[in-house]
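Shown next, in structure tokens, is the structure this report addresses.
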Amino acid sequence: MAIPYPTGNIELEKEDEKLFRRHMLDTAVEALATEITEQTIF
């Protein structure tokens, strides 16, 4: 069984989906670049 939209939302229009994925990517990059000294939620 596969997950067809692991990082997306099937209900969004194509352009909105692109923006949603970009936001997730930006959040991930910010998380990777952040020094963690205590529990942090992004």
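A note on labels: chains of the structure tokens are A, B, ... as shown, every chain counts residues from 1, and ligands are counted from 1 in their shown order.
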Q.
Which residues are close to Pro6 of chain A, i.e. within 12 Å by only C-alpha atoms, leaving aside same-chain residues fewer than 3 positions away? Reply as a list in words.
A. Ala2, Ile3, Asn9, Ile10, Arg21 and Met24 of chain A
Produce a file of the selected residues containing N, CA and C atoms, as a tab-separated table (two decimals), in the first residue's frame.
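Output (part-v2.tsv):
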chain	number	residue	atom	x	y	z
A	2	ALA	N	0.58	2.19	-0.81
A	2	ALA	CA	1.36	3.42	-0.92
A	2	ALA	C	0.55	4.60	-0.40
A	3	ILE	N	1.26	5.62	0.03
A	3	ILE	CA	0.62	6.87	0.45
A	3	ILE	C	0.78	7.84	-0.71
A	9	ASN	N	-1.81	17.81	0.06
A	9	ASN	CA	-3.23	17.81	0.35
A	9	ASN	C	-3.97	17.65	-0.97
A	10	ILE	N	-4.59	16.52	-1.15
A	10	ILE	CA	-5.26	16.19	-2.41
A	10	ILE	C	-6.40	17.16	-2.75
A	21	ARG	N	3.45	22.85	-0.32
A	21	ARG	CA	4.69	22.07	-0.27
A	21	ARG	C	5.91	22.97	-0.04
A	24	MET	N	6.10	23.79	3.59
A	24	MET	CA	6.63	22.65	4.34
A	24	MET	C	8.14	22.54	4.17
**Q.** Contact residues around segment 26-29 of chain A with only C-alpha atoms at 8 Å, ignoring same-chain residues under 4 positions, as a PyMOL selection string
**A.** chain A and resi 22+33+42
Output N, CA and C atoms for every residue in that selection, as a short mmCIF file (atom, residue, chain, number, x, y, z; two decimals), in the first residue's frame.
data_model
loop_
_atom_site.label_atom_id
_atom_site.label_comp_id
_atom_site.auth_asym_id
_atom_site.auth_seq_id
_atom_site.Cartn_x
_atom_site.Cartn_y
_atom_site.Cartn_z
N ARG A 22 5.89 24.16 -0.64
CA ARG A 22 7.01 25.09 -0.46
C ARG A 22 7.10 25.52 1.00
N ALA A 33 18.38 24.20 10.24
CA ALA A 33 19.37 25.26 10.46
C ALA A 33 19.33 25.82 11.87
N PHE A 42 8.19 23.38 15.55
CA PHE A 42 8.23 24.27 14.39
C PHE A 42 6.88 24.37 13.75
#
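DSSP on the backbone gives helix (DSSP H, G or I) for these parts of chain A: Lys14, Glu15, Asp16, Glu17, Lys18, Leu19, Phe20, Arg21, Arg22, His23, Met24, Leu25, Asp26, Thr27, Ala28, Val29, Glu30, Ala31, Leu32 and Ala33 of chain A.
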Saved selection, atoms kept: N, CA and C atoms, as a tab-separated table (two decimals), in the first residue's frame:
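Final output, saved to result.tsv:
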chain	number	residue	atom	x	y	z
A	14	LYS	N	-3.76	22.94	-7.90
A	14	LYS	CA	-2.35	22.72	-8.23
A	14	LYS	C	-1.44	23.82	-7.67
A	15	GLU	N	-1.79	25.08	-7.88
A	15	GLU	CA	-0.93	26.18	-7.41
A	15	GLU	C	-0.91	26.26	-5.89
A	16	ASP	N	-2.05	26.03	-5.25
A	16	ASP	CA	-2.10	26.03	-3.79
A	16	ASP	C	-1.29	24.87	-3.21
A	17	GLU	N	-1.34	23.74	-3.89
A	17	GLU	CA	-0.55	22.57	-3.47
A	17	GLU	C	0.94	22.90	-3.53
A	18	LYS	N	1.36	23.60	-4.59
A	18	LYS	CA	2.76	23.99	-4.74
A	18	LYS	C	3.18	24.92	-3.60
A	19	LEU	N	2.34	25.88	-3.25
A	19	LEU	CA	2.63	26.79	-2.14
A	19	LEU	C	2.68	26.05	-0.81
A	20	PHE	N	1.77	25.11	-0.62
A	20	PHE	CA	1.73	24.30	0.60
A	20	PHE	C	3.02	23.50	0.76
A	21	ARG	N	3.45	22.85	-0.32
A	21	ARG	CA	4.69	22.07	-0.27
A	21	ARG	C	5.91	22.97	-0.04
A	22	ARG	N	5.89	24.16	-0.64
A	22	ARG	CA	7.01	25.09	-0.46
A	22	ARG	C	7.10	25.52	1.00
A	23	HIS	N	5.93	25.79	1.61
A	23	HIS	CA	5.90	26.16	3.03
A	23	HIS	C	6.47	25.03	3.89
A	24	MET	N	6.10	23.79	3.59
A	24	MET	CA	6.63	22.65	4.34
A	24	MET	C	8.14	22.54	4.17
A	25	LEU	N	8.64	22.76	2.97
A	25	LEU	CA	10.07	22.70	2.70
A	25	LEU	C	10.80	23.80	3.45
A	26	ASP	N	10.27	25.02	3.40
A	26	ASP	CA	10.89	26.14	4.12
A	26	ASP	C	10.95	25.87	5.62
A	27	THR	N	9.88	25.29	6.17
A	27	THR	CA	9.85	24.96	7.60
A	27	THR	C	10.90	23.90	7.93
A	28	ALA	N	11.06	22.91	7.07
A	28	ALA	CA	12.05	21.86	7.28
A	28	ALA	C	13.47	22.42	7.24
A	29	VAL	N	13.74	23.30	6.29
A	29	VAL	CA	15.07	23.90	6.19
A	29	VAL	C	15.35	24.76	7.42
A	30	GLU	N	14.37	25.52	7.86
A	30	GLU	CA	14.53	26.32	9.08
A	30	GLU	C	14.82	25.42	10.28
A	31	ALA	N	14.13	24.30	10.38
A	31	ALA	CA	14.35	23.37	11.48
A	31	ALA	C	15.76	22.80	11.45
A	32	LEU	N	16.25	22.45	10.26
A	32	LEU	CA	17.59	21.90	10.14
A	32	LEU	C	18.67	22.93	10.47
A	33	ALA	N	18.38	24.20	10.24
A	33	ALA	CA	19.37	25.26	10.46
A	33	ALA	C	19.33	25.82	11.87
